[in-house]
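Text of model.cif (mmCIF, C-alpha atoms) as supplied:
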data_run
loop_
_atom_site.label_atom_id
_atom_site.label_comp_id
_atom_site.auth_asym_id
_atom_site.auth_seq_id
_atom_site.Cartn_x
_atom_site.Cartn_y
_atom_site.Cartn_z
CA MET M 250 0.00 0.00 0.00
CA MET M 251 1.52 3.28 -1.02
CA CYS M 252 0.27 6.60 0.22
CA ASN M 253 1.22 9.90 -1.27
CA ALA M 254 2.29 12.61 1.11
CA TYR M 255 4.71 15.46 0.85
CA TRP M 256 6.28 18.04 3.07
CA GLY M 257 5.45 21.69 2.76
CA SER M 258 7.40 24.29 0.88
CA GLY M 259 11.14 24.96 1.23
CA GLY M 260 10.36 27.65 3.82
CA TRP M 261 9.09 25.06 6.25
CA ALA M 262 12.20 22.97 5.71
CA ILE M 263 14.39 25.99 6.56
CA PHE M 264 12.22 26.79 9.59
CA GLY M 265 12.47 23.17 10.74
CA SER M 266 16.25 23.17 10.30
CA LEU M 267 16.58 26.43 12.26
CA CYS M 268 14.42 25.00 15.06
CA PHE M 269 16.62 21.92 15.12
CA LEU M 270 19.80 24.03 15.31
CA ALA M 271 18.31 26.14 18.11
CA ALA M 272 17.25 23.02 20.02
CA TYR M 273 20.74 21.54 19.51
CA LYS M 274 22.42 24.71 20.81
CA ILE M 275 20.14 24.78 23.87
CA SER M 276 20.64 21.09 24.63
CA GLU M 277 24.42 21.34 24.24
CA THR M 278 25.05 24.60 26.10
CA TYR M 279 22.29 25.95 28.31
CA ILE M 280 20.71 22.75 29.63
CA PRO M 281 24.01 21.19 30.87
CA ARG M 282 24.97 24.55 32.41
CA TYR M 283 21.62 24.72 34.23
CA TYR M 284 21.96 21.17 35.58
CA ASP M 285 25.58 21.75 36.61
CA ARG M 286 24.56 24.82 38.56
CA ARG M 287 21.52 23.23 40.16
CA PHE M 288 22.55 19.64 40.80
CA GLY M 289 26.31 19.74 40.42
CA ASN M 290 28.57 17.82 38.11
CA VAL M 291 29.60 14.21 38.40
CA LYS M 292 31.77 12.09 36.14
CA GLN M 293 31.00 8.42 35.79
CA SER M 294 33.82 6.03 36.57
CA PRO M 295 34.92 4.02 33.54
CA ARG M 296 33.39 0.57 33.61
CA ARG M 297 33.96 -2.42 31.45
CA VAL M 298 30.63 -3.82 30.36
CA ARG M 299 30.77 -7.58 30.03
CA TRP M 300 28.13 -8.98 27.74
CA ASN M 301 27.05 -12.56 28.03
CA ARG M 302 26.01 -14.63 25.02
CA LYS M 303 22.28 -14.06 25.58
CA GLN M 304 22.70 -10.28 25.79
CA LEU M 305 24.84 -10.26 22.66
CA LEU M 306 22.26 -12.31 20.75
CA LEU M 307 19.43 -10.07 21.97
CA GLY M 308 21.38 -6.95 20.96
CA PHE M 309 22.07 -8.39 17.51
CA VAL M 310 18.41 -9.38 17.01
CA ARG M 311 17.32 -5.87 18.04
CA ILE M 312 19.65 -4.24 15.52
CA VAL M 313 18.48 -6.61 12.75
CA VAL M 314 14.81 -5.97 13.59
CA VAL M 315 15.30 -2.20 13.61
CA PHE M 316 17.05 -2.29 10.22
CA LEU M 317 14.40 -4.59 8.77
CA VAL M 318 11.70 -2.22 10.00
CA TRP M 319 13.60 0.69 8.48
CA ILE M 320 13.76 -1.07 5.11
CA LEU M 321 10.08 -2.09 5.27
CA ALA M 322 9.09 1.41 6.33
CA ASP M 323 10.95 2.79 3.36
CA LEU M 324 8.81 0.61 1.10
CA LEU M 325 5.47 1.02 2.81
CA LEU M 326 5.21 4.47 4.36
CA PRO M 327 4.10 7.61 2.53
CA ASN M 328 7.10 8.67 0.53
CA SER M 329 7.20 11.28 -2.10
CA VAL M 330 9.87 13.75 -0.98
CA PRO M 331 13.31 12.39 0.00
CA GLY M 332 13.34 14.30 3.31
CA SER M 333 9.94 12.96 4.30
CA ARG M 334 10.96 9.46 3.28
CA LEU M 335 13.92 9.50 5.64
CA THR M 336 11.93 11.04 8.50
CA ASN M 337 9.06 8.57 8.26
CA SER M 338 11.22 5.46 8.19
CA MET M 339 13.49 6.90 10.90
CA VAL M 340 10.54 7.51 13.21
CA LEU M 341 9.30 3.96 12.75
CA ALA M 342 12.76 2.48 13.32
CA PHE M 343 13.16 4.71 16.40
CA GLY M 344 9.79 3.53 17.76
CA VAL M 345 10.72 -0.12 17.26
CA ALA M 346 14.13 0.45 18.87
CA LEU M 347 12.46 2.00 21.94
CA LEU M 348 9.99 -0.86 22.06
CA LEU M 349 12.74 -3.47 21.90
CA LEU M 350 14.98 -1.72 24.44
CA GLY M 351 12.17 -1.63 26.99
CA PHE M 352 11.00 -5.18 26.26
CA PRO M 353 12.77 -7.63 28.63
CA SER M 354 13.19 -5.25 31.58
CA THR M 355 10.72 -4.77 34.44
CA LYS M 356 12.07 -1.37 35.50
CA LEU M 357 9.42 1.34 35.40
CA ARG M 358 11.51 3.56 33.13
CA ASP M 359 12.10 0.71 30.65
CA VAL M 360 8.45 -0.30 30.68
CA CYS M 361 7.40 3.31 30.00
CA GLN M 362 10.04 3.53 27.28
CA GLY M 363 8.72 0.33 25.67
CA THR M 364 5.15 1.60 25.86
CA LEU M 365 6.17 4.91 24.29
CA GLY M 366 8.01 2.95 21.59
CA ALA M 367 4.88 0.87 20.92
CA ALA M 368 2.79 4.04 20.67
CA VAL M 369 5.26 5.69 18.27
CA THR M 370 5.43 2.51 16.16
CA ALA M 371 1.66 2.16 16.02
CA PHE M 372 1.26 5.80 15.05
CA ALA M 373 4.00 5.60 12.43
CA LEU M 374 2.24 2.61 10.88
CA ALA M 375 -1.19 4.28 10.82
CA PRO M 376 -1.21 5.15 7.09
CA VAL M 377 -0.18 1.59 6.22
CA LEU M 378 -2.92 0.02 8.32
CA TYR M 379 -5.74 2.50 7.68
CA PRO M 380 -6.50 4.57 4.58
CA LEU M 381 -6.17 8.21 5.66
CA SER M 382 -7.75 11.20 3.99
CA GLU M 383 -5.58 14.02 2.67
CA SER M 384 -6.14 16.20 5.76
CA GLN M 385 -5.57 13.27 8.13
CA LEU M 386 -2.39 12.47 6.27
CA SER M 387 -1.15 16.05 6.65
CA ALA M 388 -1.80 15.93 10.39
CA TRP M 389 -0.14 12.53 10.59
CA LYS M 390 3.00 13.84 8.87
CA VAL M 391 3.42 16.65 11.38
CA VAL M 392 2.72 14.54 14.47
CA ASN M 393 4.78 11.62 13.19
CA ALA M 394 7.80 13.79 12.45
CA GLY M 395 7.41 15.46 15.84
CA SER M 396 7.32 12.17 17.74
CA LEU M 397 11.14 12.03 17.89
CA GLY M 398 11.25 15.39 19.60
CA PHE M 399 8.27 14.45 21.77
CA CYS M 400 10.11 11.34 23.00
CA MET M 401 13.21 13.42 23.78
CA VAL M 402 11.08 15.85 25.79
CA VAL M 403 9.42 12.97 27.67
CA PHE M 404 12.78 11.38 28.57
CA GLY M 405 14.23 14.76 29.51
CA LEU M 406 11.27 15.48 31.80
CA TRP M 407 11.52 12.00 33.30
CA ASP M 408 15.19 12.54 34.18
CA HIS M 409 14.47 16.03 35.48
CA ILE M 410 11.68 14.80 37.76
CA THR M 411 13.90 11.93 38.95
CA LEU M 412 16.62 14.42 39.92
CA ILE M 413 14.12 16.73 41.64
CA LEU M 414 12.66 13.84 43.66
CA LEU M 415 16.10 12.46 44.48
CA PHE M 416 17.46 15.75 45.78
CA ARG M 417 14.28 17.34 47.11
CA ASN M 418 15.52 17.26 50.70
CA THR M 419 19.02 18.49 50.01
CA ALA M 420 18.84 22.01 48.63
CA PRO M 421 22.27 23.62 48.73
CA ASP M 422 22.44 27.22 50.02
CA GLU M 423 23.92 29.39 47.29
CA ALA M 424 25.72 27.13 44.82
CA ASP M 425 28.73 29.32 44.27
CA ASP M 426 31.49 26.91 45.19
CA MET I 49 35.82 -22.33 76.11
CA THR I 50 37.61 -20.91 73.08
CA LYS I 51 38.86 -17.35 73.25
CA GLU I 52 37.02 -15.03 70.83
CA ALA I 53 39.03 -13.27 68.14
CA PRO I 54 39.28 -9.49 68.73
CA ILE I 55 36.71 -7.37 66.89
CA PRO I 56 38.46 -5.37 64.15
CA THR I 57 38.10 -1.59 64.41
CA PRO I 58 37.33 0.51 61.33
CA SER I 59 39.40 3.56 60.46
CA ARG I 60 38.06 6.55 62.43
CA LEU I 61 38.88 8.85 59.53
CA VAL I 62 36.54 6.92 57.23
CA HIS I 63 33.94 5.80 59.77
CA GLU I 64 32.71 9.28 60.69
CA PRO I 65 29.21 9.60 59.07
CA ALA I 66 29.81 12.80 57.10
CA ARG I 67 33.15 11.60 55.73
CA LEU I 68 31.77 8.15 55.03
CA SER I 69 28.92 9.59 52.97
CA ILE I 70 31.38 11.74 50.98
CA LEU I 71 33.68 8.79 50.37
CA THR I 72 30.79 6.51 49.42
CA VAL I 73 29.65 9.01 46.79
CA LEU I 74 33.20 9.48 45.49
CA SER I 75 33.86 5.75 45.35
CA SER I 76 30.89 5.29 43.02
CA CYS I 77 32.04 7.87 40.48
CA ALA I 78 35.23 9.15 38.87
CA SER I 79 34.87 12.67 40.29
CA ALA I 80 32.17 14.95 41.66
CA ASP I 81 31.97 18.66 42.22
CA PHE I 82 31.11 20.50 45.44
CA VAL I 83 27.44 21.09 44.57
CA PHE I 84 26.85 17.44 43.68
CA LEU I 85 28.48 16.30 46.93
CA GLN I 86 26.39 18.78 48.87
CA ARG I 87 23.25 17.53 47.14
CA THR I 88 23.94 13.85 47.63
CA THR I 89 25.28 13.98 51.17
CA GLY I 90 22.93 16.66 52.47
CA LEU I 91 25.77 18.32 54.40
CA SER I 92 25.97 22.04 54.95
CA LYS I 93 28.47 24.00 52.89
CA GLY I 94 30.79 24.65 55.85
CA ASN I 95 30.72 21.06 57.10
CA LEU I 96 31.34 19.66 53.63
CA SER I 97 34.23 22.07 53.11
CA VAL I 98 35.85 21.07 56.41
CA GLN I 99 35.40 17.34 55.79
CA LEU I 100 36.83 17.65 52.27
CA SER I 101 39.86 19.47 53.66
CA ASN I 102 40.37 16.75 56.31
CA LEU I 103 40.13 14.01 53.72
CA ALA I 104 42.48 15.84 51.35
CA GLU I 105 45.00 16.39 54.15
CA ALA I 106 44.91 12.68 54.92
CA GLY I 107 45.58 11.97 51.23
CA ILE I 108 42.33 10.04 50.79
CA ILE I 109 40.89 12.35 48.15
CA ASN I 110 42.29 14.66 45.51
CA ILE I 111 40.82 18.13 45.23
CA SER I 112 41.14 20.34 42.19
CA ARG I 113 39.99 23.94 41.98
CA GLU I 114 39.44 25.88 38.78
CA ILE I 115 37.72 29.11 37.86
CA VAL I 116 34.65 28.65 35.65
CA ASP I 117 32.46 31.69 34.85
CA LYS I 118 34.23 33.72 37.58
CA LYS I 119 33.35 31.06 40.17
CA THR I 120 35.53 28.49 41.84
CA LEU I 121 34.63 24.98 40.77
CA THR I 122 35.85 22.47 43.35
CA THR I 123 36.07 18.91 42.14
CA ALA I 124 36.95 15.94 44.34
CA SER I 125 37.96 12.43 43.44
CA LEU I 126 39.16 9.42 45.40
CA SER I 127 42.95 9.01 45.45
CA GLU I 128 44.65 5.61 45.14
CA ARG I 129 45.09 5.58 48.90
CA GLY I 130 41.42 6.45 49.27
CA VAL I 131 40.39 3.51 47.10
CA ALA I 132 42.52 1.20 49.26
CA GLU I 133 41.14 2.74 52.49
CA MET I 134 37.55 2.25 51.34
CA LYS I 135 38.25 -1.34 50.31
CA GLU I 136 39.81 -2.03 53.68
CA TYR I 137 36.97 -0.26 55.49
CA TRP I 138 34.29 -2.43 53.88
CA GLN I 139 36.36 -5.55 54.58
CA VAL I 140 36.55 -4.57 58.25
CA MET I 141 32.80 -3.90 58.32
CA ASP I 142 32.16 -7.32 56.75
CA GLU I 143 34.36 -8.91 59.41
CA ILE I 144 32.47 -7.07 62.18
CA ARG I 145 29.16 -8.22 60.71
CA ALA I 146 30.38 -11.81 60.43
CA HIS I 147 31.71 -11.60 63.99
CA SER I 148 28.46 -10.26 65.36
CA SER I 149 26.41 -12.78 63.38
CA ALA I 150 28.53 -15.66 64.72
CA ARG I 151 28.20 -14.31 68.26
CA GLU I 152 24.44 -13.99 67.85
CA THR I 153 24.21 -17.58 66.59
CA ARG I 154 26.22 -18.79 69.59
CA LEU I 155 23.97 -16.90 72.01
CA VAL I 156 20.80 -18.23 70.36
CA ASN I 157 22.13 -21.80 70.49
CA ARG I 158 23.10 -21.37 74.14
CA ALA I 159 19.63 -20.02 74.96
CA ARG I 160 18.01 -22.95 73.16
CA ARG I 161 20.19 -25.43 75.05
CA ARG I 162 19.16 -23.79 78.32
CA ALA I 163 15.50 -23.70 77.35
CA ASN I 164 15.29 -27.29 76.12
CA PRO I 165 15.65 -29.10 79.49
CA GLN I 166 12.93 -26.87 80.94
CA ILE I 167 10.59 -27.64 78.05
CA GLN I 168 11.35 -31.35 78.38
CA SER I 169 10.72 -31.28 82.15
CA GLN I 170 7.42 -29.42 81.57
CA ARG I 171 6.33 -32.10 79.08
CA ALA I 172 7.30 -34.87 81.51
#

Please lay out the structure from this file as structure tokens.
Amino acid sequence: MMCNAYWGSGGWAIFGSLCFLAAYKISETYIPRYYDRRFGNVKQSPRRVRWNRKQLLLGFVRIVVVFLVWILADLLLPNSVPGSRLTNSMVLAFGVALLLLGFPSTKLRDVCQGTLGAAVTAFALAPVLYPLSESQLSAWKVVNAGSLGFCMVVFGLWDHITLILLFRNTAPDEADD
Amino acid sequence: MTKEAPIPTPSRLVHEPARLSILTVLSSCASADFVFLQRTTGLSKGNLSVQLSNLAEAGIINISREIVDKKTLTTASLSERGVAEMKEYWQVMDEIRAHSSARETRLVNRARRRANPQIQSQRA
């Protein structure tokens, strides 16, 4: 099933790129500075991760599944403009990766991550599973492309709330040292 | 009756609660700055500063100070001696726990042995 969808004019592409650059600048400069000032800075000690055979096999299967999904998405999802083609298949592969990473774990964060991955995957596959009208397809394109950013915001908020809850009883007086 | 082995004593420098919390944080990471240590240990600025100085004087931690955005950024990390001290400290604590557990088992067994004849006489 092939659907026809396209991204807006070149102006939107430039606007999107500028937004991305701004978000990158903020995430690289201002956000780390804010967290350093508020929660302090800590460097993780180098650790050697030892993978057992089962973990290696699981990791390999995950990578293969994600690439297969990427290839399938490239064939099935609405593709008419190269940029859109990459975004759509990337979103689907990202959703599947999240789903697979959260799959065997019982930790709350991993379960939520897996659920979010399932939601992103299901949404990314919507035009393949259901015939969408032109307006629905336009809305889908925007929301689907935004799901990567949405997931980043969700994980960022999760980490922020975790830090707040962890250090809620230990507020340093002025953090100038 | 066999003579009990002496209970090992932990290093007083490490065993003090404030210093122990600092060293526990530092032993789980490569380095941490002053604000992070203050956040994780919950110590006041003055107390943390004093304890860091004591630990640095004893050679257990390394402290580096640099100026970032016109502010002094103090970073602490465990020295090689500190790593060894912490390892030894936890070994001593394990020994104390094992010692106390063995003593507790002996006391429980002794109490049972004392209680048993009474129970048997009550049944009879």

Exercise for the section: Run the PyMOL selection byres ((chain M) within 6 of (chain I)) mentally over the shown coordinates, then write out the matched residues as a PyMOL selection string, using the chain letters and numbers from the document. Expected result: chain M and resi 288-294+419+426

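You will find CA of Met141 (chain I) at 23.1 Å from CA of Ala104 (chain I).
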
Handout entry: Atomic distance CA of Gln139 (chain I) - CA of Val98 (chain I), expressed in Å with one decimal
Key =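 Separating CA of Gln139 (chain I) from CA of Val98 (chain I) is a distance of 26.7 Å.
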
Handout entry: Nearby residues (only C-alpha atoms) at most 7 Å from region 308-322 of chain M, same-chain spacing under 3 positions excluded, as an MDAnalysis selection string
Key = chainID M and resid 304:305 325:326 338:339 341:342 345:346 349

Problem - M:Val298, M:Ile410, M:Leu348, M:Ala262 ranked by distance to Val360 (chain M), top pick (using all atoms listed in the file) - result: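 Nearest to Val360 (chain M): M:Leu348.
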
Exercise for the section: Compile the contact shell of Ala373 (chain M) as a PyMOL selection string: residues with an atom at most 12 Å away, counting only C-alpha atoms, same-chain residues fewer than 2 positions apart removed. Expected result: chain M and resi 318-319+322-323+325-327+336-345+366-371+375-379+386+389-397
